[in-house]
file entry_18.cif (mmCIF, N, CA and C atoms)
data_my_file
#
loop_
_atom_site.label_atom_id
_atom_site.label_comp_id
_atom_site.auth_asym_id
_atom_site.auth_seq_id
_atom_site.Cartn_x
_atom_site.Cartn_y
_atom_site.Cartn_z
N MET A 1 0.84 -1.16 0.00
CA MET A 1 0.00 0.00 0.00
C MET A 1 0.90 1.24 0.00
N LYS A 2 0.55 2.21 -0.83
CA LYS A 2 1.35 3.42 -0.98
C LYS A 2 0.88 4.49 0.00
N LYS A 3 1.84 5.17 0.65
CA LYS A 3 1.49 6.23 1.58
C LYS A 3 1.26 7.53 0.81
N ARG A 4 0.42 8.38 1.36
CA ARG A 4 0.19 9.69 0.75
C ARG A 4 1.35 10.61 1.10
N ARG A 5 1.79 11.42 0.13
CA ARG A 5 2.90 12.33 0.36
C ARG A 5 2.50 13.53 1.19
N GLY A 6 1.26 13.94 1.11
CA GLY A 6 0.80 15.10 1.86
C GLY A 6 0.92 14.89 3.36
N GLY A 7 0.73 13.66 3.81
CA GLY A 7 0.87 13.38 5.23
C GLY A 7 2.29 13.54 5.71
N ARG A 8 3.26 13.16 4.88
CA ARG A 8 4.66 13.32 5.24
C ARG A 8 5.02 14.80 5.36
N HIS A 9 4.49 15.62 4.47
CA HIS A 9 4.78 17.06 4.54
C HIS A 9 4.20 17.67 5.81
N THR A 10 3.03 17.22 6.20
CA THR A 10 2.43 17.71 7.44
C THR A 10 3.27 17.31 8.64
N ILE A 11 3.76 16.09 8.64
CA ILE A 11 4.59 15.62 9.75
C ILE A 11 5.88 16.41 9.84
N VAL A 12 6.52 16.67 8.69
CA VAL A 12 7.77 17.45 8.69
C VAL A 12 7.51 18.86 9.19
N PHE A 13 6.42 19.47 8.75
CA PHE A 13 6.09 20.83 9.20
C PHE A 13 5.85 20.86 10.71
N LEU A 14 5.09 19.91 11.22
CA LEU A 14 4.81 19.87 12.66
C LEU A 14 6.07 19.58 13.47
N CYS A 15 6.93 18.71 12.97
CA CYS A 15 8.18 18.40 13.66
C CYS A 15 9.05 19.64 13.78
N CYS A 16 9.16 20.39 12.69
CA CYS A 16 9.96 21.61 12.72
C CYS A 16 9.35 22.65 13.66
N THR A 17 8.03 22.79 13.60
CA THR A 17 7.36 23.79 14.42
C THR A 17 7.53 23.49 15.90
N LEU A 18 7.45 22.25 16.29
CA LEU A 18 7.53 21.90 17.70
C LEU A 18 8.95 21.65 18.20
N ALA A 19 9.87 21.32 17.30
CA ALA A 19 11.23 21.00 17.73
C ALA A 19 12.01 22.24 18.14
N VAL A 20 11.80 23.37 17.50
CA VAL A 20 12.57 24.57 17.84
C VAL A 20 12.32 25.01 19.28
N PRO A 21 11.07 25.17 19.73
CA PRO A 21 10.89 25.54 21.15
C PRO A 21 11.30 24.43 22.12
N THR A 22 11.17 23.18 21.70
CA THR A 22 11.56 22.06 22.56
C THR A 22 13.06 22.06 22.80
N VAL A 23 13.82 22.22 21.73
CA VAL A 23 15.29 22.24 21.86
C VAL A 23 15.73 23.47 22.65
N ALA A 24 15.06 24.60 22.41
CA ALA A 24 15.42 25.81 23.16
C ALA A 24 15.16 25.63 24.65
N ALA A 25 14.06 24.96 24.99
CA ALA A 25 13.75 24.72 26.40
C ALA A 25 14.72 23.70 27.00
N MET A 26 15.08 22.66 26.22
CA MET A 26 16.00 21.64 26.70
C MET A 26 17.41 22.22 26.91
N ALA A 27 17.80 23.12 26.04
CA ALA A 27 19.15 23.66 26.11
C ALA A 27 19.28 24.75 27.17
N GLY A 28 18.18 25.12 27.80
CA GLY A 28 18.25 26.12 28.85
C GLY A 28 18.40 27.54 28.32
N VAL A 29 17.93 27.80 27.12
CA VAL A 29 18.03 29.14 26.55
C VAL A 29 17.23 30.13 27.37
N TYR A 30 16.11 29.68 27.91
CA TYR A 30 15.22 30.58 28.64
C TYR A 30 15.61 30.73 30.11
N GLY A 31 16.53 29.94 30.59
CA GLY A 31 16.86 29.97 32.01
C GLY A 31 15.94 29.01 32.75
N ALA A 32 14.84 29.52 33.26
CA ALA A 32 13.85 28.69 33.95
C ALA A 32 12.82 28.20 32.93
N ALA A 33 11.66 27.84 33.40
CA ALA A 33 10.61 27.39 32.49
C ALA A 33 10.19 28.55 31.58
N PRO A 34 10.05 28.30 30.29
CA PRO A 34 9.71 29.39 29.36
C PRO A 34 8.28 29.88 29.57
N THR A 35 8.09 31.18 29.40
CA THR A 35 6.75 31.76 29.47
C THR A 35 6.14 31.78 28.08
N LEU A 36 4.87 32.13 28.00
CA LEU A 36 4.18 32.17 26.72
C LEU A 36 4.80 33.21 25.79
N GLU A 37 5.24 34.34 26.34
CA GLU A 37 5.85 35.38 25.52
C GLU A 37 7.17 34.90 24.91
N GLN A 38 7.86 34.01 25.58
CA GLN A 38 9.11 33.46 25.05
C GLN A 38 8.85 32.34 24.06
N LEU A 39 7.75 31.64 24.20
CA LEU A 39 7.45 30.53 23.31
C LEU A 39 6.89 30.98 21.96
N GLN A 40 6.21 32.11 21.91
CA GLN A 40 5.61 32.56 20.66
C GLN A 40 6.64 32.81 19.57
N PRO A 41 7.75 33.51 19.82
CA PRO A 41 8.75 33.66 18.75
C PRO A 41 9.40 32.32 18.37
N ALA A 42 9.55 31.42 19.33
CA ALA A 42 10.13 30.12 19.02
C ALA A 42 9.18 29.31 18.14
N LEU A 43 7.89 29.38 18.40
CA LEU A 43 6.92 28.68 17.55
C LEU A 43 6.86 29.31 16.16
N ALA A 44 6.96 30.64 16.09
CA ALA A 44 6.98 31.32 14.79
C ALA A 44 8.22 30.93 14.00
N THR A 45 9.36 30.84 14.69
CA THR A 45 10.59 30.40 14.03
C THR A 45 10.45 28.96 13.56
N GLY A 46 9.86 28.12 14.37
CA GLY A 46 9.65 26.73 13.97
C GLY A 46 8.73 26.60 12.77
N ALA A 47 7.66 27.41 12.73
CA ALA A 47 6.75 27.36 11.59
C ALA A 47 7.44 27.84 10.32
N LEU A 48 8.22 28.91 10.43
CA LEU A 48 8.96 29.40 9.28
C LEU A 48 10.00 28.38 8.83
N LEU A 49 10.63 27.72 9.78
CA LEU A 49 11.60 26.68 9.45
C LEU A 49 10.91 25.49 8.77
N GLY A 50 9.70 25.17 9.21
CA GLY A 50 8.96 24.09 8.57
C GLY A 50 8.67 24.39 7.11
N VAL A 51 8.29 25.62 6.82
CA VAL A 51 8.05 26.02 5.43
C VAL A 51 9.36 25.99 4.64
N ALA A 52 10.43 26.48 5.25
CA ALA A 52 11.73 26.47 4.57
C ALA A 52 12.21 25.04 4.33
N HIS A 53 11.93 24.16 5.28
CA HIS A 53 12.32 22.75 5.13
C HIS A 53 11.61 22.10 3.96
N LEU A 54 10.38 22.50 3.73
CA LEU A 54 9.60 21.88 2.67
C LEU A 54 9.85 22.52 1.31
N LEU A 55 10.14 23.83 1.28
CA LEU A 55 10.28 24.52 0.00
C LEU A 55 11.72 24.78 -0.41
N LEU A 56 12.54 25.29 0.50
CA LEU A 56 13.91 25.68 0.15
C LEU A 56 14.92 24.55 0.25
N ARG A 57 14.78 23.74 1.26
CA ARG A 57 15.79 22.70 1.52
C ARG A 57 16.00 21.74 0.35
N PRO A 58 14.94 21.23 -0.29
CA PRO A 58 15.20 20.34 -1.43
C PRO A 58 15.95 21.02 -2.57
N LEU A 59 15.63 22.28 -2.84
CA LEU A 59 16.32 23.01 -3.89
C LEU A 59 17.78 23.25 -3.52
N LEU A 60 18.04 23.64 -2.28
CA LEU A 60 19.42 23.87 -1.85
C LEU A 60 20.24 22.57 -1.85
N ARG A 61 19.62 21.48 -1.47
CA ARG A 61 20.33 20.19 -1.49
C ARG A 61 20.65 19.75 -2.91
N LEU A 62 19.74 20.04 -3.83
CA LEU A 62 19.99 19.70 -5.22
C LEU A 62 21.13 20.55 -5.80
N LEU A 63 21.12 21.85 -5.48
CA LEU A 63 22.17 22.73 -5.98
C LEU A 63 23.54 22.42 -5.39
N SER A 64 23.54 21.92 -4.18
CA SER A 64 24.82 21.62 -3.52
C SER A 64 25.15 20.14 -3.56
N LEU A 65 24.60 19.43 -4.49
CA LEU A 65 24.82 17.99 -4.59
C LEU A 65 26.30 17.60 -4.72
N PRO A 66 27.10 18.32 -5.52
CA PRO A 66 28.52 17.96 -5.57
C PRO A 66 29.23 18.10 -4.21
N LEU A 67 28.90 19.18 -3.47
CA LEU A 67 29.49 19.33 -2.14
C LEU A 67 29.00 18.25 -1.19
N GLY A 68 27.73 17.88 -1.33
CA GLY A 68 27.19 16.81 -0.50
C GLY A 68 27.90 15.49 -0.74
N CYS A 69 28.24 15.23 -2.00
CA CYS A 69 28.97 13.99 -2.32
C CYS A 69 30.38 14.02 -1.75
N LEU A 70 31.02 15.17 -1.86
CA LEU A 70 32.39 15.29 -1.35
C LEU A 70 32.47 15.16 0.16
N THR A 71 31.45 15.65 0.86
CA THR A 71 31.47 15.62 2.32
C THR A 71 30.66 14.46 2.89
N LEU A 72 30.28 13.52 2.00
CA LEU A 72 29.51 12.34 2.41
C LEU A 72 28.19 12.71 3.09
N GLY A 73 27.55 13.76 2.60
CA GLY A 73 26.24 14.17 3.10
C GLY A 73 26.25 15.14 4.25
N LEU A 74 27.40 15.45 4.80
CA LEU A 74 27.45 16.35 5.95
C LEU A 74 27.12 17.80 5.57
N PHE A 75 27.21 18.14 4.28
CA PHE A 75 26.86 19.50 3.88
C PHE A 75 25.37 19.75 4.09
N GLY A 76 24.56 18.71 4.15
CA GLY A 76 23.14 18.87 4.46
C GLY A 76 22.93 19.49 5.82
N LEU A 77 23.81 19.17 6.76
CA LEU A 77 23.73 19.78 8.09
C LEU A 77 24.03 21.27 8.01
N VAL A 78 24.97 21.65 7.16
CA VAL A 78 25.29 23.07 6.97
C VAL A 78 24.07 23.80 6.40
N ILE A 79 23.38 23.17 5.47
CA ILE A 79 22.17 23.78 4.90
C ILE A 79 21.11 23.95 5.98
N ASP A 80 20.92 22.94 6.82
CA ASP A 80 19.92 23.02 7.88
C ASP A 80 20.25 24.11 8.89
N VAL A 81 21.52 24.22 9.25
CA VAL A 81 21.94 25.27 10.19
C VAL A 81 21.76 26.64 9.54
N GLY A 82 22.07 26.75 8.26
CA GLY A 82 21.87 28.01 7.55
C GLY A 82 20.40 28.40 7.50
N LEU A 83 19.51 27.44 7.30
CA LEU A 83 18.08 27.73 7.33
C LEU A 83 17.63 28.18 8.71
N LEU A 84 18.19 27.56 9.75
CA LEU A 84 17.87 27.99 11.12
C LEU A 84 18.29 29.43 11.37
N TYR A 85 19.51 29.78 10.95
CA TYR A 85 19.97 31.15 11.14
C TYR A 85 19.17 32.13 10.29
N GLY A 86 18.73 31.71 9.11
CA GLY A 86 17.88 32.57 8.29
C GLY A 86 16.54 32.83 8.96
N CYS A 87 15.95 31.79 9.53
CA CYS A 87 14.69 31.96 10.26
C CYS A 87 14.88 32.80 11.51
N ASP A 88 16.01 32.61 12.18
CA ASP A 88 16.35 33.40 13.36
C ASP A 88 16.45 34.87 13.00
N TYR A 89 17.02 35.17 11.85
CA TYR A 89 17.17 36.56 11.40
C TYR A 89 15.82 37.19 11.08
N LEU A 90 14.88 36.40 10.55
CA LEU A 90 13.60 36.95 10.12
C LEU A 90 12.58 37.10 11.25
N VAL A 91 12.71 36.34 12.31
CA VAL A 91 11.73 36.38 13.40
C VAL A 91 12.30 37.22 14.55
N GLU A 92 11.60 38.27 14.87
CA GLU A 92 12.04 39.14 15.96
C GLU A 92 11.67 38.51 17.30
N GLY A 93 12.57 38.57 18.25
CA GLY A 93 12.32 38.02 19.57
C GLY A 93 12.89 36.63 19.78
N PHE A 94 13.50 36.05 18.76
CA PHE A 94 14.12 34.75 18.89
C PHE A 94 15.57 34.87 18.47
N ALA A 95 16.46 34.34 19.27
CA ALA A 95 17.89 34.39 18.94
C ALA A 95 18.55 33.08 19.34
N LEU A 96 19.31 32.54 18.43
CA LEU A 96 20.10 31.35 18.75
C LEU A 96 21.32 31.80 19.54
N PRO A 97 21.59 31.20 20.70
CA PRO A 97 22.71 31.65 21.52
C PRO A 97 24.08 31.31 20.93
N GLY A 98 24.15 30.38 20.02
CA GLY A 98 25.44 30.03 19.45
C GLY A 98 25.31 28.94 18.41
N PRO A 99 26.41 28.66 17.71
CA PRO A 99 26.35 27.65 16.66
C PRO A 99 26.10 26.24 17.19
N LEU A 100 26.51 25.96 18.41
CA LEU A 100 26.26 24.64 18.98
C LEU A 100 24.77 24.36 19.11
N TYR A 101 24.01 25.36 19.54
CA TYR A 101 22.56 25.20 19.65
C TYR A 101 21.92 25.03 18.28
N ALA A 102 22.45 25.73 17.27
CA ALA A 102 21.92 25.60 15.92
C ALA A 102 22.17 24.19 15.39
N VAL A 103 23.36 23.66 15.61
CA VAL A 103 23.67 22.30 15.15
C VAL A 103 22.83 21.28 15.92
N LEU A 104 22.70 21.45 17.23
CA LEU A 104 21.88 20.56 18.05
C LEU A 104 20.43 20.57 17.56
N THR A 105 19.90 21.76 17.31
CA THR A 105 18.53 21.87 16.83
C THR A 105 18.37 21.20 15.47
N ALA A 106 19.31 21.43 14.56
CA ALA A 106 19.23 20.83 13.22
C ALA A 106 19.28 19.31 13.30
N VAL A 107 20.16 18.77 14.12
CA VAL A 107 20.29 17.31 14.25
C VAL A 107 19.01 16.72 14.85
N LEU A 108 18.48 17.36 15.90
CA LEU A 108 17.27 16.83 16.53
C LEU A 108 16.06 16.93 15.61
N ILE A 109 15.95 18.02 14.85
CA ILE A 109 14.83 18.15 13.92
C ILE A 109 14.90 17.05 12.87
N ASN A 110 16.08 16.82 12.32
CA ASN A 110 16.22 15.76 11.31
C ASN A 110 15.94 14.38 11.90
N ALA A 111 16.38 14.14 13.12
CA ALA A 111 16.13 12.83 13.75
C ALA A 111 14.64 12.65 14.03
N ILE A 112 13.99 13.69 14.54
CA ILE A 112 12.57 13.60 14.84
C ILE A 112 11.76 13.41 13.56
N CYS A 113 12.11 14.16 12.53
CA CYS A 113 11.40 14.03 11.24
C CYS A 113 11.59 12.65 10.64
N ALA A 114 12.79 12.12 10.74
CA ALA A 114 13.06 10.78 10.17
C ALA A 114 12.25 9.72 10.90
N VAL A 115 12.17 9.80 12.20
CA VAL A 115 11.42 8.82 12.97
C VAL A 115 9.91 8.99 12.74
N ALA A 116 9.45 10.24 12.78
CA ALA A 116 8.00 10.49 12.65
C ALA A 116 7.50 10.19 11.24
N ALA A 117 8.31 10.49 10.23
CA ALA A 117 7.87 10.26 8.86
C ALA A 117 8.07 8.80 8.44
N GLY A 118 8.78 8.03 9.25
CA GLY A 118 8.96 6.62 8.96
C GLY A 118 10.00 6.34 7.90
N ARG A 119 10.99 7.22 7.77
CA ARG A 119 12.07 6.98 6.80
C ARG A 119 13.03 5.95 7.35
N ARG A 120 13.63 5.21 6.46
CA ARG A 120 14.59 4.19 6.90
C ARG A 120 15.94 4.52 6.41
#
call {"tool": "encode", "arguments": {"input": "entry_18.cif", "output": "structure tokens"}}
result
Amino acid sequence: MKKRRGGRHTIVFLCCTLAVPTVAAMAGVYGAAPTLEQLQPALATGALLGVAHLLLRPLLRLLSLPLGCLTLGLFGLVIDVGLLYGCDYLVEGFALPGPLYAVLTAVLINAICAVAAGRR
């Protein structure tokens, strides 16, 4: 039986939307428990990242295919971190504290999406 592709896109969007505030809370970006005012920019960043993951990421991965082959796929992580910083730049009130948090967020988003979408 063939799965519908629209469901996978919804899962990727939801994973991105929810993973950004989750990673920010896990990493202690907010200090104590985050308030609603702190979560709103993180959710907006996650939603924007979800759209970027679905629209921009495939195009960027295709354009950087030679670099991806040379680095054995690790350049995909650079693309994901770049998308995170782009979303961070566009959403006011959200700031990544450093590149380590961006890499951690990108890795967790990809892992969560892979598990939730059922990729092998």
call {"tool": "closest_residue", "arguments": {"input": "entry_18.cif", "among": "A:Gly93, A:Pro21, A:Pro41, A:Gly86", "to": "A:Leu56", "atoms": "only C-alpha atoms"}}
result
A:Gly86
call {"tool": "select_by_dssp", "arguments": {"input": "entry_18.cif", "residues": "chain A", "states": "alpha helix (DSSP H)", "output": "ChimeraX atom specification"}}
result
/A:5-26,36-63,65-70,75-90,99-117
call {"tool": "resolve_selection", "arguments": {"input": "entry_18.cif", "expression": "the PyMOL selection byres ((chain A and resi 15) around 8)", "output": "MDAnalysis selection string"}}
result
chainID A and resid 9:14 16:20 46:47 49:50 108:110 112:113 116
call {"tool": "atom_distance", "arguments": {"input": "entry_18.cif", "atom1": "atom N of A:Arg61", "atom2": "atom C of A:Leu39"}}
result
28.3 Å
call {"tool": "closest_residue", "arguments": {"input": "entry_18.cif", "among": "A:Leu43, A:Leu90, A:Met26, A:Val81", "to": "A:Val107", "atoms": "only N, CA and C atoms"}}
result
A:Val81
call {"tool": "atom_distance", "arguments": {"input": "entry_18.cif", "atom1": "atom CA of A:Ala42", "atom2": "atom CA of A:Leu83"}}
result
14.3 Å
call {"tool": "atom_distance", "arguments": {"input": "entry_18.cif", "atom1": "atom CA of A:Cys87", "atom2": "atom CA of A:Leu70"}}
result
26.9 Å
call {"tool": "residues_around", "arguments": {"input": "entry_18.cif", "residues": "stretch 94-103 of chain A", "least_positions_apart": "5", "cutoff": "8 Å", "atoms": "all atoms listed in the file", "output": "count of residues only"}}
result
20
call {"tool": "axis_aligned_box", "arguments": {"input": "entry_18.cif", "around": "stretch 50-62 of chain A", "padding_each_side": "3 Å", "output": "AutoDock Vina command-line options"}}
result
--center_x 14.6 --center_y 23.1 --center_z 1.7 --size_x 19.1 --size_y 12.8 --size_z 21.0
call {"tool": "build_atoms", "arguments": {"input": "entry_18.cif", "residues": "stretch 91-113 of chain A", "atoms": "N, CA, C and O atoms", "output": "PDB file, keeping the file's coordinate frame"}}
result
ATOM      1  N   VAL A  91      12.710  36.340  12.310  1.00  0.00           N
ATOM      2  CA  VAL A  91      11.730  36.380  13.400  1.00  0.00           C
ATOM      3  C   VAL A  91      12.300  37.220  14.550  1.00  0.00           C
ATOM      4  O   VAL A  91      13.342  36.879  15.119  1.00  0.00           O
ATOM      5  N   GLU A  92      11.600  38.270  14.870  1.00  0.00           N
ATOM      6  CA  GLU A  92      12.040  39.140  15.960  1.00  0.00           C
ATOM      7  C   GLU A  92      11.670  38.510  17.300  1.00  0.00           C
ATOM      8  O   GLU A  92      10.600  37.934  17.468  1.00  0.00           O
ATOM      9  N   GLY A  93      12.570  38.570  18.250  1.00  0.00           N
ATOM     10  CA  GLY A  93      12.320  38.020  19.570  1.00  0.00           C
ATOM     11  C   GLY A  93      12.890  36.630  19.780  1.00  0.00           C
ATOM     12  O   GLY A  93      12.765  36.062  20.859  1.00  0.00           O
ATOM     13  N   PHE A  94      13.500  36.050  18.760  1.00  0.00           N
ATOM     14  CA  PHE A  94      14.120  34.750  18.890  1.00  0.00           C
ATOM     15  C   PHE A  94      15.570  34.870  18.470  1.00  0.00           C
ATOM     16  O   PHE A  94      15.869  35.457  17.437  1.00  0.00           O
ATOM     17  N   ALA A  95      16.460  34.340  19.270  1.00  0.00           N
ATOM     18  CA  ALA A  95      17.890  34.390  18.940  1.00  0.00           C
ATOM     19  C   ALA A  95      18.550  33.080  19.340  1.00  0.00           C
ATOM     20  O   ALA A  95      18.355  32.602  20.457  1.00  0.00           O
ATOM     21  N   LEU A  96      19.310  32.540  18.430  1.00  0.00           N
ATOM     22  CA  LEU A  96      20.100  31.350  18.750  1.00  0.00           C
ATOM     23  C   LEU A  96      21.320  31.800  19.540  1.00  0.00           C
ATOM     24  O   LEU A  96      22.030  32.706  19.113  1.00  0.00           O
ATOM     25  N   PRO A  97      21.590  31.200  20.700  1.00  0.00           N
ATOM     26  CA  PRO A  97      22.710  31.650  21.520  1.00  0.00           C
ATOM     27  C   PRO A  97      24.080  31.310  20.930  1.00  0.00           C
ATOM     28  O   PRO A  97      25.064  31.902  21.318  1.00  0.00           O
ATOM     29  N   GLY A  98      24.150  30.380  20.020  1.00  0.00           N
ATOM     30  CA  GLY A  98      25.440  30.030  19.450  1.00  0.00           C
ATOM     31  C   GLY A  98      25.310  28.940  18.410  1.00  0.00           C
ATOM     32  O   GLY A  98      24.245  28.334  18.242  1.00  0.00           O
ATOM     33  N   PRO A  99      26.410  28.660  17.710  1.00  0.00           N
ATOM     34  CA  PRO A  99      26.350  27.650  16.660  1.00  0.00           C
ATOM     35  C   PRO A  99      26.100  26.240  17.190  1.00  0.00           C
ATOM     36  O   PRO A  99      25.511  25.406  16.500  1.00  0.00           O
ATOM     37  N   LEU A 100      26.510  25.960  18.410  1.00  0.00           N
ATOM     38  CA  LEU A 100      26.260  24.640  18.980  1.00  0.00           C
ATOM     39  C   LEU A 100      24.770  24.360  19.110  1.00  0.00           C
ATOM     40  O   LEU A 100      24.298  23.261  18.818  1.00  0.00           O
ATOM     41  N   TYR A 101      24.010  25.360  19.540  1.00  0.00           N
ATOM     42  CA  TYR A 101      22.560  25.200  19.650  1.00  0.00           C
ATOM     43  C   TYR A 101      21.920  25.030  18.280  1.00  0.00           C
ATOM     44  O   TYR A 101      20.970  24.286  18.121  1.00  0.00           O
ATOM     45  N   ALA A 102      22.450  25.730  17.270  1.00  0.00           N
ATOM     46  CA  ALA A 102      21.920  25.600  15.920  1.00  0.00           C
ATOM     47  C   ALA A 102      22.170  24.190  15.390  1.00  0.00           C
ATOM     48  O   ALA A 102      21.276  23.580  14.792  1.00  0.00           O
ATOM     49  N   VAL A 103      23.360  23.660  15.610  1.00  0.00           N
ATOM     50  CA  VAL A 103      23.670  22.300  15.150  1.00  0.00           C
ATOM     51  C   VAL A 103      22.830  21.280  15.920  1.00  0.00           C
ATOM     52  O   VAL A 103      22.283  20.351  15.320  1.00  0.00           O
ATOM     53  N   LEU A 104      22.700  21.450  17.230  1.00  0.00           N
ATOM     54  CA  LEU A 104      21.880  20.560  18.050  1.00  0.00           C
ATOM     55  C   LEU A 104      20.430  20.570  17.560  1.00  0.00           C
ATOM     56  O   LEU A 104      19.810  19.521  17.405  1.00  0.00           O
ATOM     57  N   THR A 105      19.900  21.760  17.310  1.00  0.00           N
ATOM     58  CA  THR A 105      18.530  21.870  16.830  1.00  0.00           C
ATOM     59  C   THR A 105      18.370  21.200  15.470  1.00  0.00           C
ATOM     60  O   THR A 105      17.404  20.470  15.242  1.00  0.00           O
ATOM     61  N   ALA A 106      19.310  21.430  14.560  1.00  0.00           N
ATOM     62  CA  ALA A 106      19.230  20.830  13.220  1.00  0.00           C
ATOM     63  C   ALA A 106      19.280  19.310  13.300  1.00  0.00           C
ATOM     64  O   ALA A 106      18.509  18.616  12.618  1.00  0.00           O
ATOM     65  N   VAL A 107      20.160  18.770  14.120  1.00  0.00           N
ATOM     66  CA  VAL A 107      20.290  17.310  14.250  1.00  0.00           C
ATOM     67  C   VAL A 107      19.010  16.720  14.850  1.00  0.00           C
ATOM     68  O   VAL A 107      18.493  15.704  14.371  1.00  0.00           O
ATOM     69  N   LEU A 108      18.480  17.360  15.900  1.00  0.00           N
ATOM     70  CA  LEU A 108      17.270  16.830  16.530  1.00  0.00           C
ATOM     71  C   LEU A 108      16.060  16.930  15.610  1.00  0.00           C
ATOM     72  O   LEU A 108      15.232  16.014  15.577  1.00  0.00           O
ATOM     73  N   ILE A 109      15.950  18.020  14.850  1.00  0.00           N
ATOM     74  CA  ILE A 109      14.830  18.150  13.920  1.00  0.00           C
ATOM     75  C   ILE A 109      14.900  17.050  12.870  1.00  0.00           C
ATOM     76  O   ILE A 109      13.894  16.407  12.567  1.00  0.00           O
ATOM     77  N   ASN A 110      16.080  16.820  12.320  1.00  0.00           N
ATOM     78  CA  ASN A 110      16.220  15.760  11.310  1.00  0.00           C
ATOM     79  C   ASN A 110      15.940  14.380  11.900  1.00  0.00           C
ATOM     80  O   ASN A 110      15.312  13.544  11.241  1.00  0.00           O
ATOM     81  N   ALA A 111      16.380  14.140  13.120  1.00  0.00           N
ATOM     82  CA  ALA A 111      16.130  12.830  13.750  1.00  0.00           C
ATOM     83  C   ALA A 111      14.640  12.650  14.030  1.00  0.00           C
ATOM     84  O   ALA A 111      14.077  11.580  13.750  1.00  0.00           O
ATOM     85  N   ILE A 112      13.990  13.690  14.540  1.00  0.00           N
ATOM     86  CA  ILE A 112      12.570  13.600  14.840  1.00  0.00           C
ATOM     87  C   ILE A 112      11.760  13.410  13.560  1.00  0.00           C
ATOM     88  O   ILE A 112      10.846  12.594  13.498  1.00  0.00           O
ATOM     89  N   CYS A 113      12.110  14.160  12.530  1.00  0.00           N
ATOM     90  CA  CYS A 113      11.400  14.030  11.240  1.00  0.00           C
ATOM     91  C   CYS A 113      11.590  12.650  10.640  1.00  0.00           C
ATOM     92  O   CYS A 113      10.652  12.076  10.083  1.00  0.00           O
TER      93      CYS A 113
END
